[in-house]
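Trainee: My file is start.pdb. It has PDB, C-alpha atoms:
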```
ATOM      1  CA  GLU A 179    -102.687  16.751  81.298
ATOM      2  CA  ASN A 180    -101.188  14.170  78.963
ATOM      3  CA  HIS A 181     -98.836  16.119  76.685
ATOM      4  CA  MET A 182     -98.125  13.005  74.593
ATOM      5  CA  PRO A 183    -101.461  11.272  74.014
ATOM      6  CA  TRP A 184     -99.880   8.822  71.604
ATOM      7  CA  CYS A 185     -96.273   7.803  71.222
ATOM      8  CA  PRO A 186     -94.920   5.038  68.946
ATOM      9  CA  GLY A 187     -91.843   4.736  71.156
ATOM     10  CA  TRP A 188     -90.052   6.987  73.579
ATOM     11  CA  LEU A 189     -87.214   7.792  71.171
ATOM     12  CA  LYS A 190     -89.598   8.835  68.392
ATOM     13  CA  CYS A 191     -91.371  11.140  70.834
ATOM     14  CA  PHE A 192     -88.028  12.488  72.002
ATOM     15  CA  LYS A 193     -87.059  13.164  68.378
ATOM     16  CA  GLU A 194     -90.342  14.982  67.703
ATOM     17  CA  SER A 195     -89.714  17.175  70.729
ATOM     18  CA  VAL A 196     -86.032  18.039  70.336
ATOM     19  CA  ILE A 197     -86.011  18.495  66.563
ATOM     20  CA  GLN A 198     -87.911  21.709  67.273
ATOM     21  CA  LEU A 199     -85.276  22.994  69.708
ATOM     22  CA  GLN A 200     -82.101  24.831  68.768
ATOM     23  CA  CYS A 201     -78.744  23.443  69.948
ATOM     24  CA  GLY A 202     -76.021  25.748  68.700
ATOM     25  CA  GLU A 203     -75.935  25.821  64.913
ATOM     26  CA  THR A 204     -78.465  23.013  64.465
ATOM     27  CA  ASN A 205     -81.584  21.544  66.002
ATOM     28  CA  CYS A 206     -81.114  19.335  69.053
ATOM     29  CA  TRP A 207     -81.946  16.101  67.185
ATOM     30  CA  ASP A 208     -79.187  16.703  64.642
ATOM     31  CA  ALA A 209     -76.762  17.403  67.482
ATOM     32  CA  ILE A 210     -77.047  13.686  68.335
ATOM     33  CA  ASP A 211     -74.902  11.384  66.220
ATOM     34  CA  VAL A 212     -75.444   8.015  67.937
ATOM     35  CA  LEU A 213     -78.605   6.102  68.879
ATOM     36  CA  GLN A 214     -77.981   3.725  71.768
ATOM     37  CA  PHE A 215     -79.924   0.677  72.910
ATOM     38  CA  HIS A 216     -79.562  -2.548  74.903
ATOM     39  CA  ALA A 217     -80.356  -6.154  73.985
ATOM     40  CA  TYR A 218     -80.588  -9.242  76.157
ATOM     41  CA  ALA A 219     -81.775 -12.497  74.608
ATOM     42  CA  TYR A 220     -81.330 -16.241  74.694
ATOM     43  CA  THR A 221     -80.247 -16.482  71.053
ATOM     44  CA  ALA A 222     -78.011 -14.472  68.759
ATOM     45  CA  GLU A 223     -80.824 -14.400  66.210
ATOM     46  CA  GLU A 224     -83.026 -12.473  68.653
ATOM     47  CA  VAL A 225     -80.348  -9.810  69.166
ATOM     48  CA  ILE A 226     -79.598  -9.602  65.446
ATOM     49  CA  ASP A 227     -83.326  -9.233  64.730
ATOM     50  CA  LYS A 228     -83.478  -6.347  67.226
ATOM     51  CA  ILE A 229     -80.499  -4.652  65.552
ATOM     52  CA  LYS A 230     -82.146  -5.097  62.160
ATOM     53  CA  ALA A 231     -85.364  -3.584  63.523
ATOM     54  CA  TRP A 232     -83.441  -0.520  64.732
ATOM     55  CA  GLU A 233     -81.703  -0.301  61.337
ATOM     56  CA  ARG A 234     -85.083  -0.369  59.568
ATOM     57  CA  GLU A 235     -86.876   1.983  61.964
ATOM     58  CA  TRP A 236     -84.130   4.601  61.961
ATOM     59  CA  ALA A 237     -82.913   4.150  58.355
ATOM     60  CA  ASP A 238     -83.669   7.760  57.343
ATOM     61  CA  ASP A 239     -81.615   9.040  60.270
ATOM     62  CA  MET A 240     -78.723   6.714  59.516
ATOM     63  CA  GLU A 241     -78.752   7.730  55.866
ATOM     64  CA  GLY A 242     -78.980  11.445  56.645
ATOM     65  CA  VAL A 243     -82.173  11.871  54.583
ATOM     66  CA  ASN A 244     -83.295  15.471  53.946
ATOM     67  CA  GLY A 245     -79.989  16.909  55.112
ATOM     68  CA  ARG A 246     -80.242  15.394  58.584
ATOM     69  CA  THR A 247     -77.091  14.522  60.482
ATOM     70  CA  LYS A 248     -76.201  10.880  59.827
ATOM     71  CA  LYS A 249     -76.444   8.712  62.893
ATOM     72  CA  THR A 250     -75.041   5.328  63.833
ATOM     73  CA  LEU A 251     -76.135   2.693  66.338
ATOM     74  CA  TRP A 252     -74.364   1.645  69.507
ATOM     75  CA  LEU A 253     -75.472  -1.513  71.256
ATOM     76  CA  THR A 254     -74.394  -0.234  74.660
ATOM     77  CA  GLU A 255     -75.180  -3.478  76.474
ATOM     78  CA  PHE A 256     -75.773  -6.925  75.064
ATOM     79  CA  ALA A 257     -75.614 -10.363  76.591
ATOM     80  CA  ARG A 258     -76.904 -13.890  76.338
ATOM     81  CA  ALA A 259     -79.739 -14.142  78.832
ATOM     82  CA  GLY A 260     -79.072 -16.660  81.564
ATOM     83  CA  ALA A 261     -75.282 -16.766  81.082
ATOM     84  CA  VAL A 262     -73.669 -16.626  84.535
ATOM     85  CA  ASP A 263     -70.585 -18.839  84.225
ATOM     86  CA  SER A 264     -67.501 -17.199  82.740
ATOM     87  CA  ALA A 265     -66.080 -20.642  81.949
ATOM     88  CA  ASP A 266     -68.861 -20.995  79.344
ATOM     89  CA  PRO A 267     -68.928 -24.796  79.766
ATOM     90  CA  ASP A 268     -71.403 -25.422  76.928
ATOM     91  CA  GLY A 269     -69.849 -22.879  74.528
ATOM     92  CA  LYS A 270     -73.237 -21.229  73.920
ATOM     93  CA  THR A 271     -72.190 -17.801  75.164
ATOM     94  CA  ARG A 272     -69.082 -17.760  72.988
ATOM     95  CA  ALA A 273     -71.113 -18.804  69.916
ATOM     96  CA  PHE A 274     -73.773 -16.189  70.767
ATOM     97  CA  MET A 275     -71.170 -13.449  71.064
ATOM     98  CA  LYS A 276     -69.374 -14.514  67.874
ATOM     99  CA  ASP A 277     -72.556 -14.446  65.779
ATOM    100  CA  VAL A 278     -73.758 -11.090  67.127
ATOM    101  CA  VAL A 279     -70.343  -9.423  66.784
ATOM    102  CA  GLU A 280     -69.946 -10.721  63.220
ATOM    103  CA  TYR A 281     -73.284  -9.169  62.299
ATOM    104  CA  MET A 282     -72.412  -5.853  63.929
ATOM    105  CA  GLN A 283     -68.996  -5.754  62.226
ATOM    106  CA  ALA A 284     -70.694  -6.223  58.857
ATOM    107  CA  SER A 285     -73.416  -3.633  59.470
ATOM    108  CA  PRO A 286     -72.728  -0.203  57.975
ATOM    109  CA  TYR A 287     -74.879   1.331  60.742
ATOM    110  CA  VAL A 288     -73.447  -0.177  63.929
ATOM    111  CA  SER A 289     -70.448   1.804  65.148
ATOM    112  CA  GLY A 290     -70.022   0.425  68.653
ATOM    113  CA  TRP A 291     -71.041  -2.186  71.190
ATOM    114  CA  SER A 292     -70.313  -3.323  74.707
ATOM    115  CA  TRP A 293     -70.700  -6.788  76.173
ATOM    116  CA  PHE A 294     -72.469  -6.987  79.532
ATOM    117  CA  SER A 295     -72.370  -9.950  81.874
ATOM    118  CA  GLN A 296     -72.600 -10.958  85.469
ATOM    119  CA  ASP A 297     -71.397 -13.817  87.595
ATOM    120  CA  HIS A 298     -73.279 -15.605  90.370
ATOM    121  CA  GLN A 299     -72.280 -13.078  93.034
ATOM    122  CA  SER A 300     -72.149  -9.682  91.399
ATOM    123  CA  PHE A 301     -72.706  -7.646  88.288
ATOM    124  CA  ALA A 302     -68.983  -7.645  87.586
ATOM    125  CA  SER A 303     -68.113  -8.235  83.938
ATOM    126  CA  PHE A 304     -66.183 -11.325  83.040
ATOM    127  CA  PRO A 305     -64.239 -12.141  79.864
ATOM    128  CA  ILE A 306     -65.212 -14.905  77.472
ATOM    129  CA  LYS A 307     -62.117 -16.812  76.342
ATOM    130  CA  ASP A 308     -60.923 -16.044  72.769
ATOM    131  CA  VAL A 309     -63.636 -13.469  72.064
TER     132      VAL A 309
END
```
So that I can check it, write out the structure of this file as structure tokens.
Mentor:
Amino acid sequence: ENHMPWCPGWLKCFKESVIQLQCGETNCWDAIDVLQFHAYAYTAEEVIDKIKAWEREWADDMEGVNGRTKKTLWLTEFARAGAVDSADPDGKTRAFMKDVVEYMQASPYVSGWSWFSQDHQSFASFPIKDV
């Protein structure tokens, strides 16, 4: 039997389910204070647009509407799609990171982020110079 015949997104369905459950002194949705997501794209604008979409979609939760616990966003993984050279020879990865980080620093809703990258041989993270 399909217990969720329609769902506008897994997190919305999760919210609908756990808001009805008790977690200590509050419901289980209000026990959560951070909404996490990932973003991989070829341009900074695509990542920023995704962040803005999350800000719009979850605005009531981030504002604490109706006495809800205020939440923030964490972009737990983000990267420029196709970037595999830590030397960043064309400077596109550095520019991508700079633009995305500047947006997140200015957003009142984003409280954390983590860069994700890989090299040609592994999924090991590599630093981008001066960022």
Trainee: Env of Glu224 of chain A: 12 Å cut, atoms = all atoms listed in the file, seq-sep filter 5 positions within chain, self excluded. Answer as a list in words.
Mentor: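 The residues satisfying every condition are Ala217, Tyr218, Ala219, Ile229, Lys230, Ala231, Phe256, Ala257, Arg258, Ala259, Phe274, Asp277 and Val278 of chain A.
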Trainee: Find the residue from A:Ile226, A:Ala209, A:Cys191, A:Ile197 that sits nearest to Met275 of chain A; use all atoms listed in the file when measuring.
Mentor: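 Among the listed residues, A:Ile226 lies closest to Met275 of chain A.
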Trainee: Separation of atom CA of Ser285 of chain A and atom CA of Asp208 of chain A, in Å?
Mentor: 21.8 Å
Trainee: Excluding same-chain residues fewer than 4 positions from Thr247 of chain A, what lies within 9 Å of it counting only C-alpha atoms, as a PyMOL selection string?
Mentor: chain A and resi 207-211+239-243
Trainee: Store the residues of this selection in a file with C-alpha atoms, as an mmCIF file, in the coordinates of the input.
Mentor:
```cif
data_model
loop_
_atom_site.group_PDB
_atom_site.id
_atom_site.type_symbol
_atom_site.label_atom_id
_atom_site.label_comp_id
_atom_site.auth_asym_id
_atom_site.auth_seq_id
_atom_site.Cartn_x
_atom_site.Cartn_y
_atom_site.Cartn_z
ATOM 1 C CA TRP A 207 -81.946 16.101 67.185
ATOM 2 C CA ASP A 208 -79.187 16.703 64.642
ATOM 3 C CA ALA A 209 -76.762 17.403 67.482
ATOM 4 C CA ILE A 210 -77.047 13.686 68.335
ATOM 5 C CA ASP A 211 -74.902 11.384 66.220
ATOM 6 C CA ASP A 239 -81.615 9.040 60.270
ATOM 7 C CA MET A 240 -78.723 6.714 59.516
ATOM 8 C CA GLU A 241 -78.752 7.730 55.866
ATOM 9 C CA GLY A 242 -78.980 11.445 56.645
ATOM 10 C CA VAL A 243 -82.173 11.871 54.583
#
```
Trainee: Give me, as a PyMOL selection string, all polymer residues having an atom no more than 10 Å from Tyr287 of chain A, counting all atoms listed in the file and skipping those fewer than 6 positions away in the same chain.
Mentor: chain A and resi 212+229-230+232-233+236-237+240-241+248-252
Trainee: Apply the PyMOL selection byres ((chain A and resi 291-294) around 8) to the displayed file and report the matching residues as a PDB file with C-alpha atoms, keeping the file's coordinate frame.
Mentor:
```pdb
ATOM      1  CA  TRP A 252     -74.364   1.645  69.507  1.00  0.00           C
ATOM      2  CA  LEU A 253     -75.472  -1.513  71.256  1.00  0.00           C
ATOM      3  CA  THR A 254     -74.394  -0.234  74.660  1.00  0.00           C
ATOM      4  CA  GLU A 255     -75.180  -3.478  76.474  1.00  0.00           C
ATOM      5  CA  PHE A 256     -75.773  -6.925  75.064  1.00  0.00           C
ATOM      6  CA  ALA A 257     -75.614 -10.363  76.591  1.00  0.00           C
ATOM      7  CA  VAL A 288     -73.447  -0.177  63.929  1.00  0.00           C
ATOM      8  CA  SER A 289     -70.448   1.804  65.148  1.00  0.00           C
ATOM      9  CA  GLY A 290     -70.022   0.425  68.653  1.00  0.00           C
ATOM     10  CA  SER A 295     -72.370  -9.950  81.874  1.00  0.00           C
ATOM     11  CA  GLN A 296     -72.600 -10.958  85.469  1.00  0.00           C
ATOM     12  CA  SER A 303     -68.113  -8.235  83.938  1.00  0.00           C
TER      13      SER A 303
END
```
Trainee: Have a look at A:Gly202, A:Glu223, A:Phe215, A:Asp263 and name the one nearest to Val279 of chain A; count all atoms listed in the file.
Mentor: A:Glu223
Trainee: Atom CA of Gln200 of chain A and atom CA of Leu213 of chain A, how far apart in Å?
Mentor: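 Result for atom CA of Leu213 of chain A versus atom CA of Gln200 of chain A: 19.1 Å, one decimal.
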Trainee: Distance atom CA of Glu194 of chain A-atom CA of Cys206 of chain A, one decimal place?
Mentor: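 Separating atom CA of Glu194 of chain A from atom CA of Cys206 of chain A is a distance of 10.3 Å.
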Trainee: Give, as JSON, the centre coordinates and the x, y and z edge lengths in Å to one decimal for an axis-aligned box around all listed atoms of segment 238-249 of chain A, padded by 8 Å on each side.
Mentor:
```
{"center_x": -79.9, "center_y": 11.8, "center_z": 58.4, "size_x": 23.5, "size_y": 26.2, "size_z": 24.9}
```
Trainee: Write out as a list of chain:residue names each polymer residue whose atoms come within 9 Å of Lys276 of chain A, counting all atoms listed in the file; drop sequence neighbours fewer than 4 positions from it.
Mentor: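 My list of contacting residues is A:Ala222, A:Thr271, A:Arg272, A:Glu280, A:Tyr281, A:Val309.
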Trainee: Limited to C-alpha atoms, could you put the picked residues into a file as a PDB file, in the coordinates of the input?
Mentor:
```
ATOM      1  CA  ALA A 222     -78.011 -14.472  68.759  1.00  0.00           C
ATOM      2  CA  THR A 271     -72.190 -17.801  75.164  1.00  0.00           C
ATOM      3  CA  ARG A 272     -69.082 -17.760  72.988  1.00  0.00           C
ATOM      4  CA  GLU A 280     -69.946 -10.721  63.220  1.00  0.00           C
ATOM      5  CA  TYR A 281     -73.284  -9.169  62.299  1.00  0.00           C
ATOM      6  CA  VAL A 309     -63.636 -13.469  72.064  1.00  0.00           C
TER       7      VAL A 309
END
```
Trainee: Between A:Ala273, A:Cys201, A:Leu189, A:Ala261, which residue has the minimum interatomic distance to Gln214 of chain A, considering all atoms listed in the file?
Mentor: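 Ranked by minimum distance to Gln214 of chain A, first place goes to A:Leu189.
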Trainee: Nearest to Lys270 of chain A: which of A:Asn244, A:Gln283, A:Thr221, A:Thr204 is it, counting all atoms listed in the file?
Mentor: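 Ranked by minimum distance to Lys270 of chain A, first place goes to A:Thr221.
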